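S.K.: Pasting model_29.cif here (mmCIF, C-alpha atoms):
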```
data_data
loop_
_atom_site.label_atom_id
_atom_site.label_comp_id
_atom_site.auth_asym_id
_atom_site.auth_seq_id
_atom_site.Cartn_x
_atom_site.Cartn_y
_atom_site.Cartn_z
CA MET A 1 -49.06 -205.28 94.82
CA SER A 2 -48.62 -201.60 95.40
CA ALA A 3 -52.11 -201.28 96.87
CA ARG A 4 -51.37 -204.21 99.20
CA ALA A 5 -48.07 -202.63 100.29
CA THR A 6 -49.84 -199.33 100.94
CA GLY A 7 -52.54 -201.16 102.89
CA MET A 8 -49.93 -203.00 105.00
CA ARG A 9 -48.13 -199.73 105.67
CA SER A 10 -51.33 -198.00 106.72
CA GLY A 11 -52.20 -201.04 108.88
CA ARG A 12 -48.84 -200.84 110.64
CA TRP A 13 -49.32 -197.09 111.09
CA THR A 14 -52.74 -197.71 112.65
CA VAL A 15 -51.24 -200.34 115.00
CA LEU A 16 -48.45 -197.92 115.95
CA GLN A 17 -50.98 -195.14 116.52
CA GLY A 18 -53.02 -197.46 118.76
CA GLN A 19 -49.92 -198.49 120.73
CA LEU A 20 -48.90 -194.87 121.27
CA ARG A 21 -52.45 -193.91 122.28
CA ASP A 22 -52.69 -196.77 124.78
CA ARG A 23 -49.14 -196.34 126.12
CA PRO A 24 -48.21 -192.63 126.12
CA SER A 25 -45.34 -193.42 128.46
CA LEU A 26 -43.48 -194.92 125.46
CA VAL A 27 -43.37 -191.49 123.81
CA LEU A 28 -42.35 -189.90 127.10
CA VAL A 29 -39.50 -192.39 127.56
CA GLY A 30 -38.32 -191.39 124.07
CA VAL A 31 -38.51 -187.68 124.98
CA LEU A 32 -36.68 -188.40 128.25
CA LEU A 33 -33.87 -190.19 126.41
CA LEU A 34 -33.71 -187.32 123.91
CA LEU A 35 -33.34 -184.78 126.73
CA VAL A 36 -30.58 -186.88 128.32
CA LEU A 37 -28.91 -187.14 124.91
CA VAL A 38 -29.04 -183.33 124.50
CA ILE A 39 -27.29 -182.91 127.85
CA GLY A 40 -24.78 -185.62 126.96
CA VAL A 41 -23.97 -183.94 123.63
CA THR A 42 -23.89 -180.31 124.82
CA ARG A 43 -21.96 -181.02 128.02
CA PRO A 44 -19.96 -184.23 127.62
CA GLY A 45 -19.17 -185.92 130.93
CA THR A 46 -22.18 -184.46 132.73
CA VAL A 47 -24.33 -187.58 132.55
CA GLY A 48 -23.04 -189.92 135.23
CA PRO A 49 -24.18 -191.66 138.41
CA THR A 50 -24.13 -188.45 140.46
CA TRP A 51 -26.13 -186.52 137.84
CA VAL A 52 -28.66 -189.36 137.55
CA ALA A 53 -28.96 -189.52 141.36
CA ASN A 54 -29.50 -185.76 141.63
CA THR A 55 -32.03 -185.70 138.79
CA ILE A 56 -34.03 -188.52 140.36
CA LEU A 57 -33.81 -186.85 143.76
CA PHE A 58 -35.27 -183.61 142.39
CA ALA A 59 -37.85 -185.36 140.20
CA ALA A 60 -39.09 -187.64 143.02
CA PRO A 61 -41.28 -185.00 144.79
CA LEU A 62 -42.99 -184.08 141.51
CA GLY A 63 -43.37 -187.77 140.68
CA ILE A 64 -45.03 -188.48 144.02
CA VAL A 65 -47.33 -185.44 143.75
CA ALA A 66 -48.24 -186.45 140.16
CA ALA A 67 -48.97 -190.00 141.36
CA GLY A 68 -51.33 -188.59 144.00
CA GLN A 69 -53.08 -186.35 141.49
CA THR A 70 -53.39 -189.33 139.14
CA LEU A 71 -55.25 -191.22 141.86
CA VAL A 72 -57.63 -188.30 142.30
CA MET A 73 -58.23 -187.72 138.59
CA PRO A 74 -59.99 -190.93 137.44
CA PRO A 75 -62.86 -190.85 139.96
CA ALA A 76 -62.99 -187.11 140.59
CA SER A 77 -62.83 -186.02 136.95
CA THR A 78 -61.80 -182.38 137.36
CA PHE A 79 -63.66 -181.12 134.31
CA ARG A 80 -66.96 -182.59 135.49
CA SER A 81 -66.72 -182.05 139.25
CA ARG A 82 -69.47 -180.05 140.87
CA LEU A 83 -68.43 -178.74 144.26
CA MET B 1 -48.14 -176.48 161.77
CA ALA B 2 -44.90 -174.74 160.78
CA LEU B 3 -46.83 -171.54 160.07
CA LEU B 4 -48.44 -171.75 163.52
CA ILE B 5 -45.29 -172.60 165.46
CA LEU B 6 -42.73 -170.41 163.71
CA ALA B 7 -42.76 -166.63 163.72
CA LYS B 8 -42.27 -166.62 159.91
CA PRO B 9 -42.17 -169.31 157.21
CA GLY B 10 -38.79 -170.99 157.02
CA GLY B 11 -36.70 -173.55 158.83
CA GLY B 12 -34.74 -176.52 157.58
CA ALA B 13 -34.60 -180.30 157.63
CA PRO B 14 -32.31 -182.32 159.94
CA ASP B 15 -29.27 -183.88 158.23
CA ALA B 16 -30.28 -187.41 159.21
CA PHE B 17 -33.65 -186.93 157.50
CA MET B 18 -32.02 -185.60 154.32
CA ALA B 19 -29.51 -188.48 154.29
CA LEU B 20 -32.41 -190.92 153.82
CA SER B 21 -32.83 -189.90 150.18
CA SER B 22 -29.41 -188.58 149.19
CA GLY B 23 -27.32 -191.75 149.48
CA ASN B 24 -27.32 -194.93 147.45
CA LEU B 25 -28.02 -198.27 149.07
CA PHE B 26 -27.34 -200.73 146.23
CA SER B 27 -25.51 -199.01 143.36
CA PRO B 28 -24.39 -195.45 142.45
CA TRP B 29 -26.86 -195.61 139.52
CA VAL B 30 -29.77 -196.49 141.84
CA PRO B 31 -30.11 -193.61 144.33
CA ASN B 32 -32.25 -193.84 147.44
CA GLY B 33 -34.54 -191.17 145.97
CA LEU B 34 -35.63 -193.61 143.27
CA LEU B 35 -36.18 -196.37 145.83
CA LEU B 36 -38.26 -193.96 147.89
CA LEU B 37 -40.39 -193.07 144.85
CA ILE B 38 -40.89 -196.73 143.92
CA VAL B 39 -41.73 -197.81 147.48
CA VAL B 40 -44.21 -194.98 148.14
CA VAL B 41 -45.99 -195.39 144.84
CA SER B 42 -46.07 -199.18 144.69
CA LEU B 43 -47.25 -199.51 148.31
CA VAL B 44 -50.47 -197.77 147.36
CA TRP B 45 -50.80 -198.20 143.61
CA VAL B 46 -50.23 -201.96 143.20
CA PRO B 47 -52.86 -203.12 145.75
CA LEU B 48 -55.25 -200.47 144.47
CA ARG B 49 -54.81 -201.46 140.82
CA LEU B 50 -55.23 -205.17 141.55
CA GLY B 51 -58.18 -204.80 143.91
CA ARG B 52 -61.86 -203.98 143.55
CA LEU B 53 -61.31 -200.43 144.77
CA GLY B 54 -59.10 -199.64 141.76
CA LEU B 55 -61.81 -200.91 139.45
CA ALA B 56 -64.36 -198.79 141.32
CA HIS B 57 -62.08 -195.74 140.84
CA TYR B 58 -62.07 -196.11 137.08
CA ALA B 59 -65.75 -197.03 136.94
CA VAL B 60 -66.74 -193.87 138.84
CA GLY B 61 -64.49 -191.74 136.59
CA SER B 62 -65.81 -193.33 133.42
CA ASP B 63 -69.52 -192.99 134.18
CA ARG B 64 -70.71 -192.09 137.65
CA THR B 65 -74.34 -193.07 137.09
CA ALA B 66 -73.47 -196.40 135.48
CA ALA B 67 -71.06 -197.18 138.32
CA PHE B 68 -73.77 -196.38 140.90
CA ARG B 69 -76.23 -198.65 139.10
CA ARG B 70 -73.66 -201.47 139.12
CA GLY B 71 -73.37 -201.24 142.90
CA VAL B 72 -70.24 -199.09 143.24
CA ARG B 73 -70.38 -196.78 146.27
CA VAL B 74 -69.60 -193.53 144.45
CA GLY B 75 -69.29 -191.19 147.47
CA PRO B 76 -66.87 -193.27 149.55
CA THR B 77 -64.79 -194.07 146.43
CA ARG B 78 -64.37 -190.35 145.72
CA VAL B 79 -63.59 -189.56 149.36
CA PHE B 80 -60.99 -192.35 149.40
CA SER B 81 -59.37 -191.00 146.24
CA TYR B 82 -59.13 -187.50 147.73
CA ALA B 83 -57.64 -188.98 150.92
CA LEU B 84 -55.05 -190.85 148.85
CA GLY B 85 -54.31 -187.63 146.96
CA GLY B 86 -53.71 -185.89 150.29
CA PHE B 87 -51.47 -188.74 151.46
CA PHE B 88 -49.37 -188.49 148.30
CA ALA B 89 -49.21 -184.69 148.59
CA ALA B 90 -47.82 -185.13 152.13
CA CYS B 91 -45.31 -187.72 150.89
CA GLY B 92 -44.34 -185.35 148.06
CA GLY B 93 -43.79 -182.58 150.63
CA LEU B 94 -41.56 -184.85 152.70
CA ALA B 95 -39.63 -185.87 149.57
CA LEU B 96 -39.18 -182.19 148.65
CA MET B 97 -37.90 -181.49 152.15
CA MET B 98 -35.51 -184.45 151.86
CA SER B 99 -34.15 -183.31 148.51
CA THR B 100 -33.82 -179.57 149.17
CA GLY B 101 -33.61 -179.30 152.95
CA ILE B 102 -36.11 -176.45 152.85
CA GLY B 103 -38.57 -176.51 155.75
CA SER B 104 -40.78 -173.72 154.47
CA PRO B 105 -44.43 -174.76 154.08
CA LEU B 106 -44.70 -172.61 150.96
CA ALA B 107 -41.83 -174.26 149.08
CA GLY B 108 -43.96 -176.62 147.03
CA THR B 109 -46.64 -174.31 145.66
CA ILE B 110 -45.32 -174.70 142.09
CA TYR B 111 -45.86 -178.46 142.24
CA THR B 112 -49.65 -178.18 141.85
CA LEU B 113 -49.44 -176.99 138.24
CA SER B 114 -46.37 -179.12 137.52
CA GLY B 115 -48.23 -182.17 138.83
CA ILE B 116 -51.21 -181.46 136.57
CA SER B 117 -48.83 -180.97 133.62
CA ALA B 118 -47.21 -184.31 134.44
CA ILE B 119 -50.49 -186.20 134.57
CA VAL B 120 -51.77 -184.60 131.36
CA LEU B 121 -48.51 -185.37 129.56
CA GLY B 122 -48.61 -188.85 131.08
CA GLY B 123 -51.87 -189.63 129.31
CA VAL B 124 -54.31 -189.36 132.22
CA SER B 125 -57.66 -188.07 131.06
CA LEU B 126 -58.79 -184.92 132.87
CA ALA B 127 -62.36 -186.05 132.22
CA GLY B 128 -61.67 -189.14 134.35
CA GLY B 129 -61.74 -192.88 133.86
CA ARG B 130 -58.49 -193.26 131.92
CA GLY B 131 -54.78 -193.34 132.68
CA GLY B 132 -52.10 -195.15 134.63
CA ILE B 133 -49.34 -194.10 136.96
CA THR B 134 -46.24 -194.83 134.86
CA GLY B 135 -46.92 -192.03 132.38
CA PRO B 136 -47.18 -189.21 134.96
CA ILE B 137 -44.01 -190.37 136.73
CA VAL B 138 -42.02 -190.46 133.48
CA ALA B 139 -43.54 -187.06 132.61
CA ALA B 140 -42.36 -185.75 136.00
CA PHE B 141 -38.82 -186.71 135.01
CA VAL B 142 -39.24 -185.03 131.61
CA LEU B 143 -40.52 -181.82 133.26
CA THR B 144 -37.57 -181.86 135.68
CA LEU B 145 -35.09 -182.34 132.83
CA VAL B 146 -36.46 -179.53 130.63
CA PRO B 147 -35.09 -176.66 132.82
CA ALA B 148 -31.83 -178.60 133.29
CA ASP B 149 -31.48 -178.85 129.50
CA LEU B 150 -32.24 -175.15 129.12
CA ILE B 151 -29.57 -174.21 131.66
CA LEU B 152 -26.97 -176.52 130.11
CA THR B 153 -27.69 -175.23 126.58
CA GLY B 154 -27.36 -171.63 127.77
CA THR B 155 -31.06 -170.75 127.40
CA ASP B 156 -33.05 -168.82 130.01
CA PRO B 157 -34.32 -171.47 132.47
CA ASN B 158 -37.49 -169.41 133.07
CA LEU B 159 -38.59 -170.59 129.63
CA GLY B 160 -39.12 -173.98 131.31
CA GLN B 161 -42.43 -172.74 132.73
CA VAL B 162 -43.44 -171.44 129.31
CA ILE B 163 -42.58 -174.78 127.67
CA GLN B 164 -44.51 -176.59 130.41
CA GLY B 165 -47.58 -174.40 129.85
CA VAL B 166 -47.40 -174.73 126.06
CA LEU B 167 -47.09 -178.52 126.32
CA LEU B 168 -50.08 -178.61 128.68
CA VAL B 169 -52.23 -176.56 126.28
CA LEU B 170 -51.13 -178.61 123.25
CA VAL B 171 -51.81 -181.95 124.93
CA VAL B 172 -55.23 -180.83 126.21
CA MET B 173 -56.06 -179.50 122.73
CA ALA B 174 -54.92 -182.75 121.10
CA GLY B 175 -56.92 -184.72 123.68
CA GLY B 176 -60.06 -182.79 122.73
CA LEU B 177 -59.37 -182.86 119.01
CA ALA B 178 -58.64 -186.60 118.66
CA PRO B 179 -62.13 -187.87 119.68
CA LEU B 180 -63.71 -185.18 117.48
CA LEU B 181 -61.69 -186.28 114.42
CA ARG B 182 -62.40 -189.94 115.22
CA ALA B 183 -66.15 -189.25 115.45
CA ARG B 184 -66.07 -187.36 112.14
CA ALA B 185 -64.15 -190.21 110.47
CA ILE B 186 -66.75 -192.72 111.72
CA GLN B 187 -69.57 -190.46 110.54
CA ARG B 188 -67.94 -190.16 107.08
CA ARG B 189 -67.51 -193.96 106.90
CA VAL B 190 -71.18 -194.49 107.85
CA GLN B 191 -72.32 -191.99 105.22
CA ALA B 192 -70.10 -193.60 102.55
CA GLY B 193 -71.02 -197.21 103.33
#
```
Would you write the structure of this file as structure tokens?
M.R.:
Amino acid sequence: MSARATGMRSGRWTVLQGQLRDRPSLVLVGVLLLLVLVIGVTRPGTVGPTWVANTILFAAPLGIVAAGQTLVMPPASTFRSRL
Amino acid sequence: MALLILAKPGGGAPDAFMALSSGNLFSPWVPNGLLLLIVVVSLVWVPLRLGRLGLAHYAVGSDRTAAFRRGVRVGPTRVFSYALGGFFAACGGLALMMSTGIGSPLAGTIYTLSGISAIVLGGVSLAGGRGGITGPIVAAFVLTLVPADLILTGTDPNLGQVIQGVLLVLVVMAGGLAPLLRARAIQRRVQAG
């Protein structure tokens, strides 16, 4: 019984590990929510529509640049490129 | 162009241009900046991901020789990816100009390293052939929020760069260590069984 429970737990852990490996954005969404929570706790009233709008506005350039670099990375493979 | 035309780097953006991203069209929670990001990225990414060219991108990154032997045109695929990278860099520059109003051509130099940090954190393999676009965009938001958190908690915001660098090193190290540990585990299992 105990061995089966341990096996099930390790199976679930393996599934979770696989999910997190395949979808790293899930972890990042968690980190993002944590960072928002920290701001919400340390400075109550800061997180609102205006703050969200400003954050997105300042994150958008980096997001677009990162999207462009993502498109370059799969075929160009920085670590293997020979120029 | 700005460096050629102007006597020194500088200048600003017209108000009408900045208003494109600063307002909100549908709801106060959905700013135009987000719409801009979604439109720019999805206009290129969705057709690319669904089409043959997207598959060719990943095939070339995964194994260049194998892709060539399967009929993928490696050279043009790489050139196209660099062109798309340039297009997105230009769009990123315009977005930066919209958000800050700064017209200086040297304003976005920090974004090269930040962009690489975002894609590494977002799960894109630096060795090529793996990764999507959602992760790097979410990572871009995380990297933008880290200095904001530092300022609001009273910590030196310059530590943001340090945190970014440490995260980059840790993720690259973990990315190199994970396949090594997996290979060792497989080797151990083969030896045992």
S.K.: What residues in chain A lie within 9 Å of chain B, counting all atoms listed in the file, written as a short mmCIF file (atom, residue, chain, number, x, y, z; two decimals) with C-alpha atoms, in the coordinates of the input?
M.R.:
```
data_model
loop_
_atom_site.label_atom_id
_atom_site.label_comp_id
_atom_site.auth_asym_id
_atom_site.auth_seq_id
_atom_site.Cartn_x
_atom_site.Cartn_y
_atom_site.Cartn_z
CA ARG A 21 -52.45 -193.91 122.28
CA ASP A 22 -52.69 -196.77 124.78
CA ARG A 23 -49.14 -196.34 126.12
CA PRO A 24 -48.21 -192.63 126.12
CA SER A 25 -45.34 -193.42 128.46
CA LEU A 26 -43.48 -194.92 125.46
CA LEU A 28 -42.35 -189.90 127.10
CA VAL A 29 -39.50 -192.39 127.56
CA VAL A 31 -38.51 -187.68 124.98
CA LEU A 32 -36.68 -188.40 128.25
CA LEU A 35 -33.34 -184.78 126.73
CA VAL A 36 -30.58 -186.88 128.32
CA VAL A 38 -29.04 -183.33 124.50
CA ILE A 39 -27.29 -182.91 127.85
CA THR A 42 -23.89 -180.31 124.82
CA ARG A 43 -21.96 -181.02 128.02
CA GLY A 48 -23.04 -189.92 135.23
CA PRO A 49 -24.18 -191.66 138.41
CA THR A 50 -24.13 -188.45 140.46
CA VAL A 52 -28.66 -189.36 137.55
CA ALA A 53 -28.96 -189.52 141.36
CA ASN A 54 -29.50 -185.76 141.63
CA THR A 55 -32.03 -185.70 138.79
CA ILE A 56 -34.03 -188.52 140.36
CA LEU A 57 -33.81 -186.85 143.76
CA PHE A 58 -35.27 -183.61 142.39
CA ALA A 59 -37.85 -185.36 140.20
CA ALA A 60 -39.09 -187.64 143.02
CA PRO A 61 -41.28 -185.00 144.79
CA LEU A 62 -42.99 -184.08 141.51
CA GLY A 63 -43.37 -187.77 140.68
CA ILE A 64 -45.03 -188.48 144.02
CA VAL A 65 -47.33 -185.44 143.75
CA ALA A 66 -48.24 -186.45 140.16
CA ALA A 67 -48.97 -190.00 141.36
CA GLY A 68 -51.33 -188.59 144.00
CA GLN A 69 -53.08 -186.35 141.49
CA THR A 70 -53.39 -189.33 139.14
CA LEU A 71 -55.25 -191.22 141.86
CA VAL A 72 -57.63 -188.30 142.30
CA MET A 73 -58.23 -187.72 138.59
CA PRO A 74 -59.99 -190.93 137.44
CA PRO A 75 -62.86 -190.85 139.96
CA ALA A 76 -62.99 -187.11 140.59
CA SER A 77 -62.83 -186.02 136.95
CA THR A 78 -61.80 -182.38 137.36
CA PHE A 79 -63.66 -181.12 134.31
CA ARG A 80 -66.96 -182.59 135.49
#
```
S.K.: Hey, can you check how far atom CA of B:Ala174 sits from atom CA of A:Val27?
M.R.: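 A separation of 14.7 Å between them.
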S.K.: When you draw a straight line from atom CA of B:Leu4 to atom CA of B:Ala16, how long is it in Å?
M.R.: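 Spanning atom CA of B:Leu4 to atom CA of B:Ala16 is a straight-line distance of 24.4 Å.
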S.K.: When you draw a straight line from atom CA of A:Gly18 to atom CA of B:Met173, how long is it in Å?
M.R.: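 Separating atom CA of A:Gly18 from atom CA of B:Met173 is a distance of 18.6 Å.
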